[in-house]
Every structure is written in C-alpha cells, then in structure tokens.
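Colleague: Structure: start09.txt, compact mmCIF, C-alpha atoms.
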# COMPACT_ATOMS: atom_id res chain seq x y z
CA MET V 1 56.23 118.48 91.95
CA SER V 2 55.37 115.54 94.19
CA GLU V 3 57.31 114.69 97.33
CA ILE V 4 58.84 111.63 95.66
CA ASP V 5 59.97 113.69 92.66
CA ARG V 6 61.49 116.30 94.96
CA GLN V 7 63.40 113.65 96.93
CA PHE V 8 64.70 112.02 93.76
CA ALA V 9 65.78 115.41 92.43
CA GLU V 10 67.63 116.15 95.71
CA ARG V 11 69.38 112.78 95.62
CA GLU V 12 70.37 113.25 92.00
CA ALA V 13 71.77 116.71 92.77
CA LYS V 14 73.80 115.27 95.68
CA ARG V 15 75.07 112.44 93.49
CA ILE V 16 76.16 114.87 90.78
CA ALA V 17 77.93 117.07 93.34
CA LYS V 18 79.76 114.08 94.86
CA GLU V 19 80.80 112.88 91.40
CA ARG V 20 82.13 116.36 90.56
CA GLU V 21 84.13 116.44 93.81
CA ARG V 22 85.48 112.94 93.15
CA ARG V 23 86.56 113.96 89.67
CA GLU V 24 88.30 117.06 91.01
CA ARG V 25 90.25 114.94 93.54
CA PHE V 26 91.11 112.48 90.77
CA ASP V 27 92.41 115.27 88.53
CA VAL V 28 94.60 116.64 91.33
CA ALA V 29 95.98 113.15 92.04
CA MET V 30 96.71 112.58 88.33
CA ALA V 31 98.53 115.92 88.07
CA PHE V 32 100.68 114.89 91.05
CA LEU V 33 101.37 111.46 89.53
CA ARG V 34 102.34 112.99 86.16
CA GLU V 35 104.68 115.47 87.86
CA LEU V 36 106.23 112.70 89.98
CA TYR V 37 106.75 110.51 86.93
CA GLU V 38 108.27 113.28 84.80
CA SER V 39 110.56 114.70 87.49
CA ASP V 40 111.65 111.61 89.46
CA VAL V 41 110.73 108.29 87.88
CA LYS V 42 111.37 108.81 84.16
CA PRO V 43 114.93 110.20 84.54
CA SER V 44 115.89 107.71 87.30
CA LYS V 45 119.18 105.96 86.62
CA THR V 46 118.63 103.71 89.64
CA LEU V 47 115.57 102.13 88.04
CA VAL V 48 117.54 101.52 84.85
CA THR V 49 120.42 100.02 86.85
CA HIS V 50 118.03 97.64 88.59
CA GLU V 51 116.34 96.81 85.26
CA VAL V 52 112.98 98.33 86.14
CA ASP V 53 110.82 99.73 83.35
CA ALA V 54 108.50 102.57 84.32
CA GLN V 55 105.42 103.75 82.45
CA LEU V 56 102.65 106.21 83.13
CA ASP V 57 99.45 104.59 81.87
CA GLU V 58 96.29 106.72 81.90
CA ASN V 59 95.74 106.76 85.66
CA ARG V 60 98.49 104.59 87.12
CA LEU V 61 102.24 104.29 87.39
CA LEU V 62 103.49 100.92 86.18
CA LEU V 63 106.83 99.50 87.29
CA HIS V 64 107.96 96.27 85.70
CA ARG V 65 111.14 94.37 86.42
CA ARG V 66 112.77 92.91 83.34
With the file now loaded, output its structure as structure tokens.

Modeller:
Amino acid sequence: MSEIDRQFAEREAKRIAKERERRERFDVAMAFLRELYESDVKPSKTLVTHEVDAQLDENRLLLHRR
C-alpha cells in the first residue's frame, strides 16, 4: 500500500469513527427529547391554556401558538 493510500485509509477510518460518535450523541439527545416530550410537554395543561400546540417531529420539538 502506498503512503497516499495509507493516509487516505487513516482519514477515512477517523471520519467513520467521528460519524459513529456523532450518531451516538444524536441518539442520546433524541432519547432525552422523546422522554421530555412524553413526560412534560405532551400532558401540559399550561400549554393548552396558552393555546400552544406541541409536536415531536423526527428530531425536533415544535411549539406553535394558535
């Protein structure tokens, strides 16, 4: 394997590792957001009183005032 091939392989391995770590952090954050939504936001009577609709959409919490 040439030096250039070795360097590209090392960079690709680092990129894959960073992407895996990023995905793990994302999954932890999404689990937290789902738990927050289910336990606090969804059953909130205060949001209903203030006419705020809440939705959990893929990877974000949406709040919309009617």

Colleague: CA of Arg22 (chain V) and CA of Ala9 (chain V), how far apart in Å?

Modeller: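 It comes out at 19.9 Å.
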
Colleague: Got a sec to check which residues sit within 12 Å of (111.9, 107.2, 82.1), counting all atoms listed in the file, and write them as number ranges by chain?

Modeller: V: 34, 36-48, 51-56, 61-63

Colleague: One number please: CA of Ala31 (chain V) to CA of Asn59 (chain V), in Å, one decimal.

Modeller: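 Pair CA of Ala31 (chain V) / CA of Asn59 (chain V) returns 9.9 Å.
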
Colleague: In terms of the shortest atom-to-atom distance over only C-alpha atoms, which of V:Glu3, V:Arg60, V:Phe8, V:Thr49 is closest to Phe26 (chain V)?

Modeller: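 Using only C-alpha atoms, the shortest distance to Phe26 (chain V) belongs to V:Arg60.
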